[in-house]
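Data first, discussion second: the structure below is written as structure tokens.
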Amino acid sequence: MAKPIKRKKARELRRKRWKITDIASKVDVRRETVSKWCQDIELTDEQIKVLAKDNPRWLILHEAAQQTKREALHQRLAYQEAGRQRAVDGSILHLKGCILYWGEGAKSRNHLRFTNTDPHMIKLFMQFLREEFQVTDDVIYLHIMHHTIEEDEIDAIEQYWLHWLDLSAECTVKMQLKKGTKSRKTHYENGICAICVNNTEILHHIYGAIQEYLGFDNPDWLK
């Protein structure tokens with residue numbers, strides 16, 4: 001009698017339509033995390049038909065979301081094309097900044113983040129943002145990871161980067177303690193600095209320029 005019960009439970013699980021909240025609860029992560037995991041999953045026509053049958057309003061919302069997705073993709077393509085064109089016209093600073101980001105930048109969809117410990121590299125990237133994109137202090141988020149718990153040393157590290165990068169109080173700064181591990185005990189005197197800018201246009205301009213400079217195409221940067 002045990003086998004039919006197991007088969008029945010298996011059928012019930014297969015029929016269950018998992019919502020994002022169900023998955024988040026099951027694997028004990030945030031709802032936003034599951035949403036990010038699932039954002040590129042393509043539903044089959046049969047799946048769409050079943051979901052629409054259960055909830056006709058869902059189909060309207062789904063079609064609206066797909067249209068928004070197509071428009072966003074078209075916009076990212078346009079930003080990358082502008083970056084490619086700028087690479088053709090070219091400037092040494094533009095080339096340096098794009099190659100720096102290729103090596104040390106986060107490859108996200110909408111948020112630019114450049115992280116390093118070398119102050120000269122960080123300063124060059126800041127110059128690139130200011131001169132090529134007219135980025136102002138008020139849109140810059142500085143994330144500084146340090147290895148000390150002494151308040152005066154933390155303040156000194158923050159002031160070091162603000163002064164070195166010629167940043168005013170208009171920029172946002174987050175200081176974060178970075179603990180070492182037994183296997184890796186490297187400590188940087190002035191911590192690890194990340195320049196962050198929430199700007200899809202600049203990020204995809206850089207992506208497009210990198211591809212033009214290096215002569216390759218990376219479809220993953222459009223996702």
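As shown in the structure tokens, the chain order sets the letters A, B, ...; within each chain, residues go from 1, and ligands are also counted from 1 in the order they appear.
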* Find the residues around region 200-202 of chain A up to 10 Å (only C-alpha atoms counted), leave out those fewer than 3 positions away in its own chain, and share them as a list in words. =>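 Close residues of region 200-202 of chain A: Gln75, Arg76, Leu77, Ala78, Tyr79, Gln80, Ala82, Gly83, Ser108, Arg109, Asn110, His111, Leu112, Leu129, Glu132, Phe133, Val135, Val197, His205, Ile206, Tyr207 and Gly208 of chain A.
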* Quote the spacing between CA of Ala72 (chain A) and CA of Val34 (chain A) in Å to one decimal place. => 20.7 Å
Which residues of region 118-143 of chain A come within 10 Å of region 88-105 of chain A, and what is each one's closest atom pair and distance in Å (one decimal), counting only C-alpha atoms, sorted by chain and residue number, as a Markdown table?
```
| residue | atom | partner | partner_atom | distance |
| --- | --- | --- | --- | --- |
| A:Met121 | CA | A:Leu100 | CA | 8.1 |
| A:Ile122 | CA | A:Leu100 | CA | 9.4 |
| A:Leu124 | CA | A:Gly97 | CA | 7.3 |
| A:Phe125 | CA | A:Gly97 | CA | 5.6 |
| A:Met126 | CA | A:Gly97 | CA | 8.8 |
| A:Gln127 | CA | A:Leu93 | CA | 8.3 |
| A:Phe128 | CA | A:Gly97 | CA | 5.6 |
| A:Leu129 | CA | A:Gly97 | CA | 8.0 |
| A:Glu131 | CA | A:Leu93 | CA | 8.6 |
| A:Glu132 | CA | A:His94 | CA | 6.8 |
| A:Phe133 | CA | A:His94 | CA | 10.0 |
```
Limited to N, CA, C and O atoms, could you put the picked residues into a file as a compact mmCIF listing (two decimals), in the first residue's frame?
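As a result, out_19.txt now contains:
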```txt
# COMPACT_ATOMS: atom_id res chain seq x y z
N MET A 121 44.61 53.27 -9.93
CA MET A 121 43.62 52.66 -10.82
C MET A 121 42.23 53.22 -10.53
O MET A 121 41.47 53.56 -11.45
N ILE A 122 41.89 53.32 -9.23
CA ILE A 122 40.59 53.87 -8.84
C ILE A 122 40.45 55.32 -9.30
O ILE A 122 39.40 55.74 -9.80
N LEU A 124 41.98 56.81 -11.83
CA LEU A 124 41.84 56.85 -13.29
C LEU A 124 40.40 56.52 -13.69
O LEU A 124 39.83 57.16 -14.57
N PHE A 125 39.80 55.54 -13.02
CA PHE A 125 38.43 55.18 -13.37
C PHE A 125 37.47 56.30 -13.01
O PHE A 125 36.51 56.57 -13.73
N MET A 126 37.72 56.98 -11.91
CA MET A 126 36.88 58.12 -11.54
C MET A 126 37.01 59.24 -12.57
O MET A 126 36.00 59.86 -12.95
N GLN A 127 38.21 59.49 -13.06
CA GLN A 127 38.41 60.48 -14.10
C GLN A 127 37.63 60.10 -15.36
O GLN A 127 37.00 60.95 -16.01
N PHE A 128 37.66 58.82 -15.70
CA PHE A 128 36.91 58.30 -16.84
C PHE A 128 35.42 58.58 -16.70
O PHE A 128 34.77 59.07 -17.65
N LEU A 129 34.86 58.33 -15.53
CA LEU A 129 33.43 58.58 -15.31
C LEU A 129 33.09 60.06 -15.42
O LEU A 129 32.07 60.44 -16.01
N GLU A 131 34.86 62.60 -16.96
CA GLU A 131 35.11 63.27 -18.24
C GLU A 131 34.33 62.67 -19.39
O GLU A 131 33.93 63.39 -20.31
N GLU A 132 34.09 61.37 -19.37
CA GLU A 132 33.37 60.73 -20.47
C GLU A 132 31.86 60.75 -20.28
O GLU A 132 31.11 60.77 -21.25
N PHE A 133 31.40 60.74 -19.01
CA PHE A 133 29.95 60.63 -18.76
C PHE A 133 29.40 61.75 -17.88
O PHE A 133 28.22 61.74 -17.55
```
* Which is closest to His204 (chain A) among A:Ile154, A:Leu73, A:Leu177, A:Leu162, if we use only C-alpha atoms? ->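 Of the candidates, the smallest distance to His204 (chain A) is held by A:Leu73.
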* From a DSSP pass on the backbone, collect the residues of region 56-201 of chain A flagged as alpha helix (DSSP H) and hand them back as a ChimeraX atom specification. => /A:56-89,92-104,119-133,151-164,200-201
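Non-sequential neighbours of Ser168 (chain A) (distance at most 12 Å, separation of 2 or more positions within a chain, only C-alpha atoms) are Thr136, Asp137, Asp138, Val139, Ile140, Tyr141, Leu142, Glu158, Gln159, Trp161, Leu162, His163, Trp164, Leu165, Asp166, Glu170, Cys171, Thr172 and Val173 of chain A.
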* **For CA of Ile144 (chain A) and CA of Cys193 (chain A), the interatomic separation in Å (one decimal)** => 4.6 Å
* Asked: What does the distance between CA of His146 (chain A) and CA of Leu203 (chain A) come to in Å, to one decimal place?
  ->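 That distance, rounded to one decimal, is 26.4 Å.
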* Asked: Between A:Glu71, A:Glu189, A:Asp155, A:Asp28, which one has atoms that come closest to Lys174 (chain A), using only C-alpha atoms?
  -> A:Asp155
